[in-house]
file query_9.cif (mmCIF, C-alpha atoms)
data_target
#
loop_
_atom_site.label_atom_id
_atom_site.label_comp_id
_atom_site.auth_asym_id
_atom_site.auth_seq_id
_atom_site.Cartn_x
_atom_site.Cartn_y
_atom_site.Cartn_z
CA MET A 6 172.69 -13.54 282.36
CA GLY A 7 174.14 -14.77 279.05
CA THR A 8 171.84 -15.10 276.06
CA ILE A 9 170.01 -18.40 275.74
CA LEU A 10 171.28 -20.39 272.77
CA ILE A 11 168.71 -21.89 270.42
CA ASP A 12 170.92 -24.97 269.84
CA LYS A 13 170.77 -25.89 273.53
CA LEU A 14 166.99 -25.55 273.59
CA LEU A 15 166.45 -27.55 270.40
CA SER A 16 168.79 -30.29 271.63
CA ALA A 17 166.75 -30.54 274.83
CA GLN A 18 163.53 -30.70 272.81
CA VAL A 19 164.86 -33.45 270.53
CA LYS A 20 166.43 -35.43 273.38
CA GLN A 21 163.25 -35.38 275.49
CA GLY A 22 161.01 -36.04 272.49
CA ALA A 23 158.88 -32.93 273.14
CA SER A 24 156.42 -32.02 270.39
CA ASP A 25 156.66 -28.24 270.86
CA LEU A 26 158.93 -25.59 272.34
CA HIS A 27 157.30 -22.33 273.48
CA LEU A 28 159.40 -19.18 273.85
CA THR A 29 157.72 -16.09 275.26
CA VAL A 30 158.66 -13.11 277.43
CA GLY A 31 158.14 -13.40 281.19
CA GLN A 32 158.73 -17.11 281.66
CA PRO A 33 161.44 -19.71 280.97
CA PRO A 34 161.24 -21.83 277.79
CA VAL A 35 158.40 -24.39 277.97
CA LEU A 36 158.30 -27.86 276.36
CA ARG A 37 155.09 -29.71 275.50
CA LEU A 38 155.83 -33.28 276.52
CA ASN A 39 153.19 -35.98 275.88
CA GLY A 40 150.57 -33.25 275.67
CA ARG A 41 151.52 -31.50 278.94
CA MET A 42 153.37 -28.16 279.24
CA GLN A 43 156.60 -28.26 281.29
CA LYS A 44 158.82 -25.28 282.09
CA LEU A 45 162.57 -25.71 281.69
CA LYS A 46 164.70 -24.87 284.73
CA THR A 47 166.48 -21.95 283.09
CA LYS A 48 166.21 -18.17 283.26
CA VAL A 49 163.00 -16.24 282.63
CA MET A 50 163.23 -14.71 279.15
CA ASP A 51 163.08 -10.99 278.46
CA ALA A 52 162.33 -9.13 275.23
CA SER A 53 165.96 -9.20 274.06
CA ASP A 54 166.14 -13.01 274.54
CA THR A 55 163.13 -13.80 272.34
CA MET A 56 164.20 -11.19 269.76
CA GLY A 57 167.71 -12.71 269.62
CA LEU A 58 166.34 -16.25 269.31
CA MET A 59 163.99 -15.15 266.52
CA LYS A 60 166.81 -13.46 264.56
CA SER A 61 169.08 -16.50 264.91
CA ILE A 62 166.72 -18.84 263.02
CA THR A 63 164.28 -16.75 260.91
CA PRO A 64 165.06 -16.37 257.17
CA ASP A 65 165.18 -12.78 255.91
CA ARG A 66 161.97 -12.97 253.86
CA CYS A 67 160.13 -14.23 256.96
CA GLN A 68 161.63 -11.52 259.18
CA GLN A 69 160.27 -9.02 256.69
CA GLU A 70 156.82 -10.67 256.78
CA PHE A 71 156.94 -10.61 260.59
CA GLN A 72 157.76 -6.87 260.55
CA GLU A 73 154.87 -6.18 258.17
CA THR A 74 152.13 -8.48 259.51
CA GLY A 75 153.11 -9.42 263.07
CA SER A 76 153.55 -13.14 262.33
CA THR A 77 155.33 -15.58 260.05
CA ASP A 78 155.73 -19.36 259.65
CA PHE A 79 158.56 -21.37 258.15
CA GLY A 80 160.24 -24.77 258.18
CA PHE A 81 163.69 -25.07 259.76
CA ALA A 82 166.22 -27.93 259.74
CA PHE A 83 168.29 -28.54 262.88
CA GLY A 84 171.33 -30.32 261.48
CA THR A 85 170.43 -33.91 260.60
CA GLU A 86 168.68 -34.45 263.94
CA ALA A 87 165.27 -32.92 263.37
CA ARG A 88 163.14 -30.44 261.48
CA PHE A 89 160.82 -27.87 262.96
CA ARG A 90 157.75 -25.96 261.87
CA VAL A 91 158.27 -22.52 263.37
CA SER A 92 155.64 -19.88 264.08
CA VAL A 93 156.90 -16.43 265.09
CA PHE A 94 154.33 -13.90 266.31
CA ARG A 95 154.02 -10.66 268.22
CA GLN A 96 152.27 -10.61 271.60
CA ARG A 97 152.04 -7.54 273.86
CA GLY A 98 154.55 -5.93 271.53
CA ASN A 99 157.18 -8.63 272.08
CA VAL A 100 158.39 -11.59 270.01
CA ALA A 101 157.03 -15.07 270.82
CA ILE A 102 157.99 -18.31 269.07
CA VAL A 103 156.54 -21.82 268.93
CA LEU A 104 158.64 -24.61 267.37
CA ARG A 105 156.84 -27.86 266.48
CA GLN A 106 159.19 -30.83 266.04
CA ILE A 107 158.70 -32.82 262.85
CA PRO A 108 160.21 -36.29 263.20
CA ILE A 109 162.86 -37.06 260.59
CA LYS A 110 161.98 -40.75 260.68
CA MET A 111 158.72 -41.41 258.90
CA MET A 112 156.39 -43.63 260.91
CA SER A 113 154.49 -46.33 259.02
CA MET A 114 150.71 -46.79 259.02
CA ASP A 115 151.29 -49.85 261.22
CA ASP A 116 153.46 -47.88 263.68
CA LEU A 117 150.63 -45.38 264.05
CA SER A 118 147.91 -48.10 264.25
CA VAL A 119 146.02 -46.45 261.39
CA PRO A 120 143.03 -48.74 260.67
CA PRO A 121 144.28 -51.30 258.09
CA ILE A 122 141.26 -50.68 255.78
CA PHE A 123 142.98 -47.40 254.76
CA LYS A 124 145.73 -49.40 253.03
CA ASP A 125 143.03 -50.56 250.59
CA LEU A 126 141.25 -47.21 250.30
CA ILE A 127 144.37 -45.27 249.32
CA LEU A 128 145.03 -47.74 246.49
CA ARG A 129 141.66 -47.02 244.85
CA PRO A 130 141.88 -45.31 241.45
CA ARG A 131 140.03 -42.19 242.57
CA GLY A 132 138.17 -40.52 245.41
CA LEU A 133 138.47 -38.17 248.34
CA ILE A 134 140.03 -39.35 251.63
CA LEU A 135 139.83 -36.98 254.58
CA VAL A 136 141.94 -37.09 257.74
CA THR A 137 140.44 -34.84 260.40
CA GLY A 138 140.98 -33.81 264.00
CA PRO A 139 142.05 -30.82 266.09
CA THR A 140 145.47 -29.16 265.74
CA GLY A 141 148.22 -31.43 267.06
CA SER A 142 146.22 -34.65 266.72
CA GLY A 143 148.70 -36.20 264.28
CA LYS A 144 146.86 -35.63 260.97
CA THR A 145 150.04 -34.67 259.09
CA THR A 146 151.86 -37.72 260.48
CA SER A 147 149.06 -40.09 259.39
CA LEU A 148 148.92 -38.55 255.91
CA ALA A 149 152.70 -38.75 255.55
CA ALA A 150 152.52 -42.45 256.49
CA MET A 151 149.83 -43.02 253.81
CA VAL A 152 151.89 -41.23 251.16
CA ASP A 153 154.93 -43.26 252.22
CA HIS A 154 152.93 -46.50 251.92
CA LEU A 155 151.93 -45.57 248.36
CA ASN A 156 155.52 -44.56 247.61
CA ASP A 157 156.71 -48.01 248.73
CA THR A 158 153.93 -49.93 246.95
CA VAL A 159 152.98 -48.36 243.60
CA ASP A 160 154.52 -46.37 240.76
CA HIS A 161 152.38 -43.23 241.11
CA HIS A 162 152.97 -39.54 240.60
CA ILE A 163 152.14 -37.95 243.95
CA ILE A 164 151.83 -34.17 244.34
CA THR A 165 151.65 -32.72 247.84
CA ILE A 166 150.52 -29.15 248.51
CA GLU A 167 151.53 -28.04 252.00
CA ASP A 168 151.90 -24.94 254.17
CA PRO A 169 154.71 -25.41 255.15
CA ILE A 170 156.16 -28.74 253.92
CA GLU A 171 156.67 -30.91 257.00
CA PHE A 172 157.82 -34.43 256.08
CA PHE A 173 160.23 -34.73 253.16
CA HIS A 174 159.45 -37.68 250.86
CA ASN A 175 162.18 -39.29 248.77
CA HIS A 176 161.26 -40.76 245.39
CA LYS A 177 160.93 -44.52 245.89
CA LYS A 178 158.55 -46.49 243.62
CA SER A 179 156.59 -43.27 243.11
CA THR A 180 157.65 -39.80 242.03
CA VAL A 181 156.78 -37.31 244.77
CA ASN A 182 156.67 -33.58 244.05
CA GLN A 183 156.07 -31.36 247.07
CA ARG A 184 154.86 -27.77 246.63
CA GLU A 185 154.92 -25.26 249.45
CA VAL A 186 152.20 -22.61 249.52
CA GLY A 187 153.83 -19.18 249.64
CA THR A 188 157.14 -20.39 248.21
CA ASP A 189 156.31 -22.62 245.24
CA VAL A 190 152.69 -21.62 244.59
CA THR A 191 150.37 -18.81 245.72
CA SER A 192 147.44 -20.80 247.19
CA PHE A 193 146.04 -24.29 247.80
CA ALA A 194 143.26 -23.83 245.22
CA GLU A 195 145.66 -22.56 242.55
CA ALA A 196 148.01 -25.50 243.24
CA ILE A 197 145.19 -28.08 242.86
CA ARG A 198 144.05 -26.54 239.57
CA ARG A 199 147.61 -26.59 238.26
CA ALA A 200 148.16 -30.12 239.56
CA LEU A 201 145.45 -31.47 237.26
CA ARG A 202 147.76 -30.62 234.32
CA GLN A 203 150.77 -32.28 235.94
CA ASP A 204 149.66 -35.88 235.35
CA PRO A 205 149.12 -36.80 239.04
CA ASP A 206 147.69 -40.02 240.43
CA VAL A 207 147.47 -38.68 243.97
CA ILE A 208 147.14 -35.11 245.25
CA LEU A 209 147.59 -34.31 248.93
CA VAL A 210 146.04 -30.99 250.02
CA GLY A 211 147.46 -29.88 253.37
CA GLU A 212 144.33 -28.03 254.40
CA LEU A 213 140.84 -27.66 252.94
CA ARG A 214 140.48 -24.18 254.34
CA ASP A 215 138.00 -22.42 252.03
CA LEU A 216 135.28 -22.91 249.45
CA GLU A 217 137.64 -22.53 246.49
CA THR A 218 140.05 -25.20 247.79
CA ILE A 219 137.25 -27.64 248.72
CA GLU A 220 135.63 -27.21 245.31
CA ALA A 221 138.94 -27.83 243.52
CA ALA A 222 139.62 -30.92 245.68
CA ILE A 223 136.18 -32.46 245.00
CA THR A 224 136.57 -31.82 241.26
CA ALA A 225 140.01 -33.46 241.28
CA ALA A 226 138.60 -36.51 243.12
CA GLU A 227 135.74 -36.79 240.61
CA THR A 228 138.04 -36.64 237.60
CA GLY A 229 140.02 -39.75 238.43
CA HIS A 230 142.54 -38.86 241.12
CA VAL A 231 142.96 -39.87 244.73
CA VAL A 232 142.83 -36.69 246.81
CA PHE A 233 143.89 -36.53 250.48
CA GLY A 234 142.77 -33.56 252.55
CA THR A 235 142.54 -32.44 256.17
CA LEU A 236 139.93 -30.54 258.20
CA HIS A 237 139.74 -29.53 261.86
CA THR A 238 136.62 -31.58 262.64
CA SER A 239 136.30 -34.25 265.32
CA SER A 240 133.73 -36.66 263.85
CA ALA A 241 132.94 -38.14 260.44
CA ALA A 242 129.42 -36.70 260.32
CA GLY A 243 130.75 -33.30 261.46
CA THR A 244 133.28 -33.38 258.63
CA ILE A 245 130.62 -33.85 255.96
CA ASN A 246 128.46 -31.10 257.45
CA ARG A 247 131.43 -28.74 257.60
CA ILE A 248 132.22 -29.25 253.91
CA ILE A 249 128.61 -28.72 252.82
CA ASP A 250 128.15 -25.68 255.09
CA VAL A 251 131.05 -23.87 253.41
CA PHE A 252 128.91 -23.54 250.27
CA PRO A 253 126.05 -21.08 249.69
CA THR A 254 122.61 -22.63 250.26
CA ASN A 255 121.73 -22.76 246.55
CA GLN A 256 124.81 -24.91 245.83
CA GLN A 257 124.46 -27.34 248.74
CA ASP A 258 122.32 -29.96 246.96
CA GLN A 259 124.79 -30.15 244.09
CA ILE A 260 127.73 -30.44 246.52
CA ARG A 261 125.96 -33.24 248.41
CA THR A 262 125.61 -35.16 245.16
CA GLN A 263 129.26 -34.54 244.22
CA LEU A 264 130.48 -35.44 247.70
CA ALA A 265 128.40 -38.64 247.78
CA ALA A 266 130.01 -39.69 244.50
CA SER A 267 133.59 -38.75 245.35
CA ILE A 268 134.24 -39.30 249.06
CA ILE A 269 135.55 -42.77 249.94
CA GLY A 270 136.66 -42.54 253.57
CA ILE A 271 137.14 -40.33 256.61
CA LEU A 272 139.60 -40.89 259.45
CA ALA A 273 138.89 -38.61 262.44
CA GLN A 274 141.68 -38.81 264.99
CA GLN A 275 142.60 -37.69 268.50
CA LEU A 276 145.88 -38.09 270.39
CA LEU A 277 145.81 -38.70 274.12
CA PRO A 278 148.44 -39.35 276.80
CA ARG A 279 149.24 -43.05 277.11
CA ILE A 280 149.40 -44.48 280.62
CA GLY A 281 153.10 -45.02 281.31
CA GLY A 282 154.28 -42.34 278.89
CA GLY A 283 154.03 -41.48 275.22
CA ARG A 284 150.76 -40.99 273.37
CA VAL A 285 148.08 -43.18 271.88
CA ALA A 286 145.79 -42.36 268.95
CA ALA A 287 142.05 -42.96 268.84
CA PHE A 288 140.28 -43.08 265.48
CA GLU A 289 136.78 -42.72 264.09
CA THR A 290 136.63 -44.61 260.80
CA LEU A 291 133.98 -43.99 258.14
CA ILE A 292 134.03 -46.04 254.94
CA VAL A 293 131.63 -44.63 252.37
CA THR A 294 129.45 -47.58 251.34
CA PRO A 295 126.57 -47.11 248.82
CA GLY A 296 124.25 -46.80 251.84
CA ILE A 297 126.28 -43.99 253.35
CA ALA A 298 126.61 -42.26 249.98
CA ASN A 299 122.78 -42.26 249.90
CA LEU A 300 122.59 -40.64 253.34
CA ILE A 301 124.92 -37.87 252.14
CA ARG A 302 122.94 -37.38 248.93
CA GLU A 303 119.60 -37.27 250.77
CA ASN A 304 120.90 -34.92 253.50
CA LYS A 305 120.45 -37.50 256.27
CA ILE A 306 123.90 -36.85 257.73
CA PHE A 307 122.50 -37.27 261.28
CA ARG A 308 122.09 -40.99 260.56
CA ILE A 309 125.77 -41.52 259.73
CA THR A 310 126.82 -42.02 263.36
CA SER A 311 124.51 -45.02 263.81
CA SER A 312 125.61 -46.39 260.41
CA ILE A 313 129.22 -46.34 261.63
CA GLN A 314 128.13 -48.20 264.76
CA THR A 315 126.56 -50.99 262.68
CA GLY A 316 129.29 -50.95 260.00
CA SER A 317 132.05 -52.78 261.83
CA LYS A 318 132.12 -55.50 259.16
CA TYR A 319 133.32 -52.82 256.69
CA GLY A 320 136.01 -51.66 259.12
CA MET A 321 134.04 -48.75 260.59
CA LYS A 322 134.29 -47.58 264.18
CA LEU A 323 133.10 -44.61 266.25
CA LEU A 324 135.70 -42.48 268.01
CA ASP A 325 133.98 -42.94 271.37
CA ASP A 326 134.03 -46.75 270.97
CA HIS A 327 137.76 -46.62 270.30
CA LEU A 328 138.29 -44.34 273.31
CA TYR A 329 136.26 -46.78 275.44
CA GLU A 330 138.55 -49.62 274.29
CA HIS A 331 141.63 -47.57 275.22
CA TRP A 332 140.18 -47.04 278.71
CA LYS A 333 139.19 -50.69 279.07
CA ASN A 334 142.61 -51.89 277.92
CA GLU A 335 144.26 -49.50 280.40
CA LEU A 336 146.02 -47.51 277.69
CA ALA A 337 144.49 -44.19 278.78
CA THR A 338 142.83 -42.74 281.88
CA LYS A 339 139.11 -42.15 282.22
CA GLU A 340 139.68 -38.35 282.42
CA ASP A 341 141.73 -38.32 279.23
CA VAL A 342 139.31 -40.43 277.15
CA LEU A 343 136.33 -38.35 278.31
CA SER A 344 138.14 -35.11 277.42
CA LYS A 345 138.46 -36.30 273.80
CA ALA A 346 135.02 -37.91 273.38
CA ASN A 347 132.38 -36.65 270.93
CA SER A 348 129.59 -37.58 273.42
CA PRO A 349 131.33 -37.41 276.81
CA ASP A 350 128.10 -37.92 278.80
CA ASP A 351 127.24 -41.18 277.02
CA LEU A 352 130.81 -42.44 277.31
CA ALA A 353 130.91 -41.55 281.02
CA LYS A 354 127.72 -43.58 281.60
CA ARG A 355 129.17 -46.51 279.74
CA ILE A 356 132.41 -46.40 281.72
CA ALA A 357 130.47 -46.09 284.99
CA ALA A 358 128.43 -49.18 284.06
CA ALA A 359 131.63 -51.06 283.23
CA GLU A 360 133.19 -50.01 286.51
CA ARG A 361 130.16 -51.52 288.24
CA GLY A 362 130.95 -54.69 286.31
CA VAL A 363 128.23 -54.58 283.67
CA PHE A 364 130.27 -54.68 280.47
CA ASP A 365 128.37 -54.05 277.25
CA GLU A 366 127.85 -57.67 276.23
CA GLU A 367 126.23 -56.79 272.93
CA LEU A 368 129.32 -54.86 271.85
CA GLU A 369 131.61 -57.68 272.89
CA THR A 370 129.89 -60.19 270.61
CA GLU A 371 128.89 -58.01 267.65
CA GLU A 372 130.74 -59.00 264.51
#
call {"tool": "encode", "arguments": {"input": "query_9.cif", "output": "structure tokens"}}
result
Amino acid sequence: MGTILIDKLLSAQVKQGASDLHLTVGQPPVLRLNGRMQKLKTKVMDASDTMGLMKSITPDRCQQEFQETGSTDFGFAFGTEARFRVSVFRQRGNVAIVLRQIPIKMMSMDDLSVPPIFKDLILRPRGLILVTGPTGSGKTTSLAAMVDHLNDTVDHHIITIEDPIEFFHNHKKSTVNQREVGTDVTSFAEAIRRALRQDPDVILVGELRDLETIEAAITAAETGHVVFGTLHTSSAAGTINRIIDVFPTNQQDQIRTQLAASIIGILAQQLLPRIGGGRVAAFETLIVTPGIANLIRENKIFRITSSIQTGSKYGMKLLDDHLYEHWKNELATKEDVLSKANSPDDLAKRIAAAERGVFDEELETEE
């Protein structure tokens, strides 16, 4: 059997529009297509195949990191066709690789159906905007679209801090400086602190992964900058709890006050298979009104979900309501919307009632 060539595999991934390519010993290469894993009809890979594939694309410094720690991540350009975020890791003593395709063409906020209210929020002079959701739910793509919208619209200085850099932004109306953690700067927190001296209007923080980074991001938002950040939470209320819980108990009251003053919106998103192919996004949208800021300050986070439900006039919406609409409009199957719901039991009851023909009249008419 000849060695498998990485070019052939990447061409297949790009041509089929697969989000990820998985290479591991004991099975053929696998593509993730519209959320489902599909094996390619080629040979089963052995240890020398995955080792050869790894060596053909991994930069020397990353090969060294892989030798020392057992894993490494890097960005990789495949000609002009596509870019990939690559993760190389050891499993059962062998090399395994996952390549995530990063589209070259930037999608717009409209292409992605990001709630239009976010076009206004990101133009505010300061505040914290969070885009949340599980891995692979399209957070990076939504944030890139927001940065691109600003870049088209206003003359800002935008600093992005990413690990690794995924979408490349050209300077349009704005100046965009992109810093990669590990290459350009040692950590997210360090990069935010430095950014405050670099005359930014907007700072994008790839991941709010620890107390130090979250603290730096909140401070930056309070001092007159728009800060974008991501977290792996699935609801707006869950996002606020997660941020507060990172801090020691004796600091939580102070953080609640700071968060109430600085946070302006949360977009929690999920990606699900679209009926007929492709994927469709569902969003939970929280706009921080004075009333919601009060709930955060007074530690009544549990009331946020019902405030979103009654806040449609501000552009708010619960994830489960959006999932219900996708089911009703035949964009996604019942199984898929229930698998992504925050309250699957409630949503299942609602769908069952609708299937019996009792649509929720009060939701139809609420404005």
call {"tool": "residues_around", "arguments": {"input": "query_9.cif", "residues": "His237 (chain A)", "least_positions_apart": "6", "cutoff": "12 Å", "atoms": "only C-alpha atoms", "output": "PyMOL selection string"}}
result
chain A and resi 135-145+211-214+243-245+247-248+272-275
call {"tool": "resolve_selection", "arguments": {"input": "query_9.cif", "expression": "the PyMOL selection byres ((chain A and resi 221) around 10)", "output": "PDB file with C-alpha atoms, keeping the file's coordinate frame"}}
result
ATOM      1  CA  PHE A 193     146.040 -24.290 247.800  1.00  0.00           C
ATOM      2  CA  ALA A 194     143.260 -23.830 245.220  1.00  0.00           C
ATOM      3  CA  GLU A 195     145.660 -22.560 242.550  1.00  0.00           C
ATOM      4  CA  ALA A 196     148.010 -25.500 243.240  1.00  0.00           C
ATOM      5  CA  ILE A 197     145.190 -28.080 242.860  1.00  0.00           C
ATOM      6  CA  ARG A 198     144.050 -26.540 239.570  1.00  0.00           C
ATOM      7  CA  LEU A 201     145.450 -31.470 237.260  1.00  0.00           C
ATOM      8  CA  LEU A 213     140.840 -27.660 252.940  1.00  0.00           C
ATOM      9  CA  LEU A 216     135.280 -22.910 249.450  1.00  0.00           C
ATOM     10  CA  GLU A 217     137.640 -22.530 246.490  1.00  0.00           C
ATOM     11  CA  THR A 218     140.050 -25.200 247.790  1.00  0.00           C
ATOM     12  CA  ILE A 219     137.250 -27.640 248.720  1.00  0.00           C
ATOM     13  CA  GLU A 220     135.630 -27.210 245.310  1.00  0.00           C
ATOM     14  CA  ALA A 222     139.620 -30.920 245.680  1.00  0.00           C
ATOM     15  CA  ILE A 223     136.180 -32.460 245.000  1.00  0.00           C
ATOM     16  CA  THR A 224     136.570 -31.820 241.260  1.00  0.00           C
ATOM     17  CA  ALA A 225     140.010 -33.460 241.280  1.00  0.00           C
ATOM     18  CA  ALA A 226     138.600 -36.510 243.120  1.00  0.00           C
ATOM     19  CA  GLU A 227     135.740 -36.790 240.610  1.00  0.00           C
TER      20      GLU A 227
END
call {"tool": "resolve_selection", "arguments": {"input": "query_9.cif", "expression": "the PyMOL selection byres ((chain A and resi 186) around 9)", "output": "list in words"}}
result
Ile166, Glu167, Asp168, Pro169, Ile170, Arg184, Glu185, Gly187, Thr188, Asp189, Val190, Thr191, Ser192, Phe193 and Ala196 of chain A
call {"tool": "resolve_selection", "arguments": {"input": "query_9.cif", "expression": "the PyMOL selection byres ((chain A and resi 96) around 12)", "output": "number ranges by chain"}}
result
A: 28-31, 52, 55, 71, 75-76, 93-95, 97-102
call {"tool": "closest_atom_pairs", "arguments": {"input": "query_9.cif", "of": "region 278-337 of chain A", "to": "region 352-360 of chain A", "cutoff": "9 Å", "atoms": "only C-alpha atoms", "output": "CSV"}}
result
residue,atom,partner,partner_atom,distance
A:Asp325,CA,A:Leu352,CA,6.8
A:Asp326,CA,A:Leu352,CA,8.3
A:Leu328,CA,A:Leu352,CA,8.7
A:Tyr329,CA,A:Leu352,CA,7.2
A:Trp332,CA,A:Ile356,CA,8.4
A:Lys333,CA,A:Ile356,CA,8.4
call {"tool": "closest_residue", "arguments": {"input": "query_9.cif", "among": "A:Pro34, A:Gly270, A:Pro349, A:Gly362", "to": "Lys124 (chain A)", "atoms": "all atoms listed in the file"}}
result
A:Gly270
call {"tool": "build_atoms", "arguments": {"input": "query_9.cif", "residues": "region 272-279 of chain A", "atoms": "all heavy atoms", "output": "CSV table (one decimal), in the coordinates of the input"}}
result
chain,number,residue,atom,x,y,z
A,272,LEU,N,138.9,-40.4,258.2
A,272,LEU,CA,139.6,-40.9,259.4
A,272,LEU,C,139.7,-39.7,260.4
A,272,LEU,O,140.3,-38.7,260.1
A,272,LEU,CB,141.0,-41.3,259.1
A,272,LEU,CG,141.9,-41.9,260.2
A,272,LEU,CD1,141.3,-43.3,260.7
A,272,LEU,CD2,143.3,-42.1,259.8
A,273,ALA,N,138.9,-39.7,261.5
A,273,ALA,CA,138.9,-38.6,262.4
A,273,ALA,C,139.8,-39.1,263.6
A,273,ALA,O,139.5,-40.1,264.1
A,273,ALA,CB,137.5,-38.3,262.9
A,274,GLN,N,140.8,-38.3,264.0
A,274,GLN,CA,141.7,-38.8,265.0
A,274,GLN,C,141.9,-37.8,266.1
A,274,GLN,O,141.8,-36.6,266.0
A,274,GLN,CB,143.0,-39.3,264.4
A,274,GLN,CG,143.8,-38.2,263.7
A,274,GLN,CD,145.1,-38.9,263.1
A,274,GLN,OE1,145.0,-39.6,262.1
A,274,GLN,NE2,146.2,-38.5,263.6
A,275,GLN,N,142.3,-38.4,267.3
A,275,GLN,CA,142.6,-37.7,268.5
A,275,GLN,C,143.8,-38.3,269.1
A,275,GLN,O,144.0,-39.6,269.0
A,275,GLN,CB,141.5,-37.8,269.5
A,275,GLN,CG,140.2,-37.1,269.2
A,275,GLN,CD,140.2,-35.6,269.5
A,275,GLN,OE1,141.2,-35.1,270.0
A,275,GLN,NE2,139.1,-35.0,269.4
A,276,LEU,N,144.7,-37.5,269.7
A,276,LEU,CA,145.9,-38.1,270.4
A,276,LEU,C,145.7,-37.9,271.9
A,276,LEU,O,145.3,-36.8,272.3
A,276,LEU,CB,147.1,-37.3,270.0
A,276,LEU,CG,148.0,-37.9,268.8
A,276,LEU,CD1,149.2,-37.1,268.6
A,276,LEU,CD2,148.3,-39.3,268.9
A,277,LEU,N,145.9,-38.9,272.7
A,277,LEU,CA,145.8,-38.7,274.1
A,277,LEU,C,147.0,-39.3,274.8
A,277,LEU,O,147.7,-40.2,274.3
A,277,LEU,CB,144.5,-39.2,274.7
A,277,LEU,CG,143.9,-40.6,274.4
A,277,LEU,CD1,142.8,-40.9,275.4
A,277,LEU,CD2,143.3,-40.7,273.0
A,278,PRO,N,147.3,-38.8,276.1
A,278,PRO,CA,148.4,-39.4,276.8
A,278,PRO,C,148.2,-40.8,277.1
A,278,PRO,O,147.2,-41.3,277.5
A,278,PRO,CB,148.4,-38.6,278.1
A,278,PRO,CG,147.7,-37.3,277.8
A,278,PRO,CD,146.6,-37.7,276.8
A,279,ARG,N,149.3,-41.6,276.8
A,279,ARG,CA,149.2,-43.0,277.1
A,279,ARG,C,149.7,-43.3,278.6
A,279,ARG,O,150.6,-42.6,279.0
A,279,ARG,CB,150.2,-43.8,276.1
A,279,ARG,CG,150.2,-45.3,276.3
A,279,ARG,CD,151.4,-45.9,275.6
A,279,ARG,NE,151.3,-45.9,274.1
A,279,ARG,CZ,150.8,-46.9,273.4
A,279,ARG,NH1,150.3,-47.9,274.0
A,279,ARG,NH2,150.7,-46.8,272.1
